[in-house]
Amino acid sequence: MSEADLAGDNPYVENPPTDFEPVEELSEERAREQAARLREAIRYHDRRYYVEADPVIPDRTYDALLSRLQDLEAAFDIQTEDSPTRRVGGEPVDHFETVEHVAPMLSIDSSGDEQDVREFDRRTRRAVGDVSYVCEPKFDGVSLEVIYEDGHLVRAATRGDGYEGDDVTRNARTIRALPQRLRGDYPDYLAVRGEVYMPKSAFQAYNKERVERGDEPFANPRNATAGTIRQQDPTVVAERPLSIYVFDVLESSDPWETHSAALSAFPGLGLPLNDRVETDCDVDGAIDYRDRLMDERDDLDYEIDGVVVKVDDVAAQADLGATARAYRWAYAYKFPARTEVTTVADIAVQVGRTGRLTPVALLEPVDVGGVTVSRASLHNPGEIEEMQLNVGDEVRLERAGDVIPYVDEVVEKHSEGHFELPETCPVCDSAIERDGPMAFCTGGLGCPAQLKRSVEHYASDTGLDVEGVGAETVETFVAAGLVTDSIADLYDIEREDLLELEGWGETSADNLLSELEDSKSPSLPDFLSALGIQKVGPETARALAEEFGSLEALRETAEAGDEERLRSVPDVGPIVAGTIVDFFQSEVNERVLDRLADAGVEPRPYEVEAADELDGLTFVFTGTLSAPRSEFQDLVERHGGSATSSVSGNTDYLVVGENAGQSKRDDADANDVPTIDEEAFREVLESNGVDEWPGE
């Protein structure tokens, strides 16, 4: 008997029991039948609560139903893929798989000018004749593709670049407003587009909880939503109050002739539809709709920044088509930015992960469109100078896109001159360096404000390519106190430290320690690039390595302040020479470099030799090899080849050792790059006249 068959005679829908017989007294057949009824009832109550906002049972009764279902599924191992118990989360994922959308998820052209909307209407009518429009709120959340097969949710993916996105199915299953199983007469195949959002009331309540437990509050609902949907741990997503509205059909095995007909069908399928949608509008009706919604938006429980006007007829949509970026059959009529006047009480200076200094205006609190604003970014010192802004001045605020507050102009001066940046970094006391309108801390490797970013960069593909040390790992290390000072802390991490971390086992710990050990003998260009010296990328790093040959020679030149010698290097002009000197003359950086040396990190001297057996061939190495990876890279470069850290269309071979990660394999597949093992690599060497081998 299917769950649909049970729906009409289900005691758990209208009158759920307050207690249940012991699980151990049930037969498996009886347990399966009861679980099926519970799933159907919970889906019904989810829809009444999260979609229709009309619950019919108390929360404690709902919790009892869900708890009973969890007990049954655990006792009899009968959990289904689309069970409501999946909404509580699951095991974390290492990374998100990139998937191709079934149809492009494009942008929409937009304007806040009424005349632009009328021009869209004229252009549309010239192309396809008389049309009617559907008008919808323009949600300020995160766009999601959701696919159903035979009524079951099988995949959900973020918009990404419009053509590919991240597979976040496990996270999407935790959104209670999104059905895991469609209702009614659904198509065999249905792909829809929706907007994930965090209701404003839920956002405020959740932020209060975060503050009370000592966590940093989210800046706004959209940031909270975007950060949540890409969490690698679904249990974290399940704890956060996300919801969704579905507003488009991307593909269907039983397509509708009009957009409005599809929207009308959504509630019957169990898909959440926004109740402010209006159909059969002409352009005047669309403009009136936008004006009405702008007046009402403060009363809505979700953020919007305008309305979307869509051609209703699907055949006309197809005739209008799209550009590479945007649909031609839809237009967004944006709301104007909200403004208000207040006083600058103080100006603070934040240091970002790249060392960039961002002044922040601390304001007398003011209500801007229903949101209390007490701080706003000033972007850079150049902007402050241009506005002649200082503490005590009255300023006009805007909330661009209804989200980010910024200072638009000084309305009235109550001070002299403008705010001046401090001469040294407010975090590490290193010198401040100006670069046009922006300013940077020169503390580099030792500035705590730059700690996470410098460690991520050091281990990245453009650094030393330490697999297993990404943004999530760095966050974990910092939170656990394993990385507190600089990149050198990586080499102090011990096996026992890793095993104490949640989610870390012996294999992952050993793999990371092996990667770190391999990174102790990097090529000089990779090491210089990994240090994150301002304006020194991979190409400039290689030019410096070719000129100086060793780290010691470069340090000696920079510490002596010999900018003229540095400027003789290709790609190194006066500004870059100055940043190199500042970097190596910094006492903080000198201390970090010495710690790296004490840990055994010793960049290989760079030698340019005439051997060219591998000229024109590019290799990427990954995983644990029979000798340190640096020796394989060195061998390739000595014989005229290239050894890079990331796979691209220019790569000739990906050489894979043991315990290799999946990301480089995926990149190789995407670029049609052959994947070979060590034995095959030796054959490539021998076929090109190279008879050397690392360690021999």
# chains A, B, ... in the order shown; residues from 1 in each chain; ligands from 1
>>> residues_around(residues="Glu195 of chain A", least_positions_apart="6", cutoff="7 Å", atoms="only C-alpha atoms", output="list in words")
Phe139, Gly141, Val142, Ser143, Leu144, Ile244, Tyr245 and Val246 of chain A
>>> write_last_selection(atoms="C-alpha atoms", output="compact mmCIF listing (two decimals), in the first residue's frame")
# COMPACT_ATOMS: atom_id res chain seq x y z
CA PHE A 139 13.14 38.15 -3.50
CA GLY A 141 17.71 35.45 -1.18
CA VAL A 142 19.60 32.61 -2.86
CA SER A 143 18.36 31.06 -6.10
CA LEU A 144 18.02 27.27 -6.20
CA ILE A 244 11.68 28.95 0.07
CA TYR A 245 9.31 30.24 -2.60
CA VAL A 246 9.16 28.50 -5.98
>>> closest_residue(among="A:His379, A:Arg555, A:Arg595, A:Arg32", to="Asp582 of chain A", atoms="only C-alpha atoms")
A:Arg555
>>> atom_distance(atom1="atom CA of Phe583 of chain A", atom2="atom CA of Gly436 of chain A")
18.7 Å
>>> residues_around(residues="Thr98 of chain A", least_positions_apart="5", cutoff="10 Å", atoms="only C-alpha atoms", output="list in words")
Ala157, Thr158, Gly160, Glu164, Gly165, Asp166, Asp167, Val168 and Asp666 of chain A
>>> write_last_selection(atoms="N, CA and C atoms", output="PDB file, in the first residue's frame")
ATOM      1  N   ALA A 157      20.427  22.409  -6.497  1.00  0.00           N
ATOM      2  CA  ALA A 157      21.727  23.007  -6.792  1.00  0.00           C
ATOM      3  C   ALA A 157      21.632  24.525  -6.754  1.00  0.00           C
ATOM      4  N   THR A 158      22.708  25.169  -6.302  1.00  0.00           N
ATOM      5  CA  THR A 158      22.761  26.627  -6.300  1.00  0.00           C
ATOM      6  C   THR A 158      22.883  27.141  -7.728  1.00  0.00           C
ATOM      7  N   GLY A 160      25.082  29.229  -9.024  1.00  0.00           N
ATOM      8  CA  GLY A 160      26.454  29.235  -9.528  1.00  0.00           C
ATOM      9  C   GLY A 160      26.646  30.285 -10.599  1.00  0.00           C
ATOM     10  N   GLU A 164      26.207  26.099 -14.247  1.00  0.00           N
ATOM     11  CA  GLU A 164      26.597  25.054 -13.294  1.00  0.00           C
ATOM     12  C   GLU A 164      26.501  25.619 -11.885  1.00  0.00           C
ATOM     13  N   GLY A 165      26.185  24.739 -10.934  1.00  0.00           N
ATOM     14  CA  GLY A 165      26.113  25.164  -9.547  1.00  0.00           C
ATOM     15  C   GLY A 165      26.535  24.045  -8.618  1.00  0.00           C
ATOM     16  N   ASP A 166      26.511  24.321  -7.317  1.00  0.00           N
ATOM     17  CA  ASP A 166      26.896  23.330  -6.311  1.00  0.00           C
ATOM     18  C   ASP A 166      25.698  22.464  -5.944  1.00  0.00           C
ATOM     19  N   ASP A 167      25.923  21.159  -5.878  1.00  0.00           N
ATOM     20  CA  ASP A 167      24.886  20.223  -5.459  1.00  0.00           C
ATOM     21  C   ASP A 167      24.700  20.334  -3.944  1.00  0.00           C
ATOM     22  N   VAL A 168      23.581  20.922  -3.523  1.00  0.00           N
ATOM     23  CA  VAL A 168      23.296  21.119  -2.096  1.00  0.00           C
ATOM     24  C   VAL A 168      22.024  20.360  -1.706  1.00  0.00           C
ATOM     25  N   ASP A 666      38.757  15.559 -10.897  1.00  0.00           N
ATOM     26  CA  ASP A 666      37.591  16.147 -11.552  1.00  0.00           C
ATOM     27  C   ASP A 666      38.014  17.205 -12.571  1.00  0.00           C
TER      28      ASP A 666
END
>>> residues_around(residues="Ala315 of chain A", least_positions_apart="3", cutoff="10 Å", atoms="only C-alpha atoms", output="PyMOL selection string")
chain A and resi 128+257-258+311-312+318-321
>>> select_by_dssp(residues="segment 310-408 of chain A", states="alpha helix (DSSP H)", output="PDB file with C-alpha atoms, in the first residue's frame")
ATOM      1  CA  VAL A 314       5.567  30.315 -22.629  1.00  0.00           C
ATOM      2  CA  ALA A 315       5.705  30.170 -26.443  1.00  0.00           C
ATOM      3  CA  ALA A 316       6.300  33.930 -26.521  1.00  0.00           C
ATOM      4  CA  GLN A 317       9.040  33.489 -23.934  1.00  0.00           C
ATOM      5  CA  ALA A 318      10.748  31.005 -26.249  1.00  0.00           C
ATOM      6  CA  ASP A 319      10.455  33.399 -29.195  1.00  0.00           C
ATOM      7  CA  LEU A 320      11.983  36.230 -27.173  1.00  0.00           C
ATOM      8  CA  PRO A 381      40.344  56.375   2.746  1.00  0.00           C
ATOM      9  CA  GLY A 382      40.101  57.953  -0.700  1.00  0.00           C
ATOM     10  CA  GLU A 383      36.333  58.133  -0.376  1.00  0.00           C
ATOM     11  CA  ILE A 384      36.625  59.821   3.039  1.00  0.00           C
ATOM     12  CA  GLU A 385      38.980  62.418   1.618  1.00  0.00           C
ATOM     13  CA  GLU A 386      36.687  63.070  -1.333  1.00  0.00           C
ATOM     14  CA  MET A 387      33.638  63.599   0.913  1.00  0.00           C
TER      15      MET A 387
END
>>> residues_around(residues="Cys428 of chain A", least_positions_apart="4", cutoff="12 Å", atoms="only C-alpha atoms", output="PyMOL selection string")
chain A and resi 350-351+355+423-424+432+441-451+485+586-589
>>> closest_atom_pairs(of="segment 439-491 of chain A", to="segment 505-517 of chain A", cutoff="9 Å", atoms="only C-alpha atoms", output="CSV")
residue,atom,partner,partner_atom,distance
A:Asp465,CA,A:Glu515,CA,8.7
A:Val466,CA,A:Glu515,CA,5.7
A:Glu467,CA,A:Glu515,CA,6.6
A:Gly468,CA,A:Leu512,CA,6.2
A:Val469,CA,A:Leu512,CA,7.9
A:Leu490,CA,A:Leu516,CA,7.8
A:Tyr491,CA,A:Leu516,CA,7.0
>>> write_last_selection(atoms="C-alpha atoms", output="PDB file, in the first residue's frame")
ATOM      1  CA  ASP A 465      49.268  23.272  -2.856  1.00  0.00           C
ATOM      2  CA  VAL A 466      48.844  21.557   0.520  1.00  0.00           C
ATOM      3  CA  GLU A 467      45.810  19.356  -0.110  1.00  0.00           C
ATOM      4  CA  GLY A 468      43.396  19.215   2.809  1.00  0.00           C
ATOM      5  CA  VAL A 469      44.049  22.769   4.016  1.00  0.00           C
ATOM      6  CA  LEU A 490      50.903  24.620  10.521  1.00  0.00           C
ATOM      7  CA  TYR A 491      54.206  22.842  11.100  1.00  0.00           C
TER       8      TYR A 491
END
>>> closest_residue(among="A:Asp489, A:Asp313, A:Glu33, A:Asp280", to="Asn10 of chain A", atoms="only C-alpha atoms")
A:Glu33
>>> closest_residue(among="A:Ala345, A:Ala127, A:Ala471, A:Val368", to="Gln232 of chain A", atoms="only C-alpha atoms")
A:Ala471
>>> residues_around(residues="segment 66-68 of chain A", least_positions_apart="6", cutoff="9 Å", atoms="only C-alpha atoms", output="list in words")
Phe20, Val23, Ala35, Leu38, Arg39, Ile42, Pro84 and Thr85 of chain A
>>> closest_residue(among="A:Val117, A:Ala202, A:Leu635, A:Ala238", to="Ile287 of chain A", atoms="only C-alpha atoms")
A:Val117
>>> select_by_dssp(residues="segment 126-248 of chain A", states="strand (DSSP E or B)", output="ChimeraX atom specification")
/A:133-139,142-149,152-158,164-167,181,189-197,243-248
>>> closest_atom_pairs(of="segment 37-124 of chain A", to="segment 327-331 of chain A", cutoff="7 Å", atoms="only C-alpha atoms", output="tab-separated table")
residue	atom	partner	partner_atom	distance
A:Leu106	CA	A:Tyr327	CA	6.4
A:Ser107	CA	A:Tyr327	CA	6.7
A:Ile108	CA	A:Tyr331	CA	5.8
A:Asp109	CA	A:Tyr331	CA	5.5
A:Ser110	CA	A:Tyr331	CA	5.8
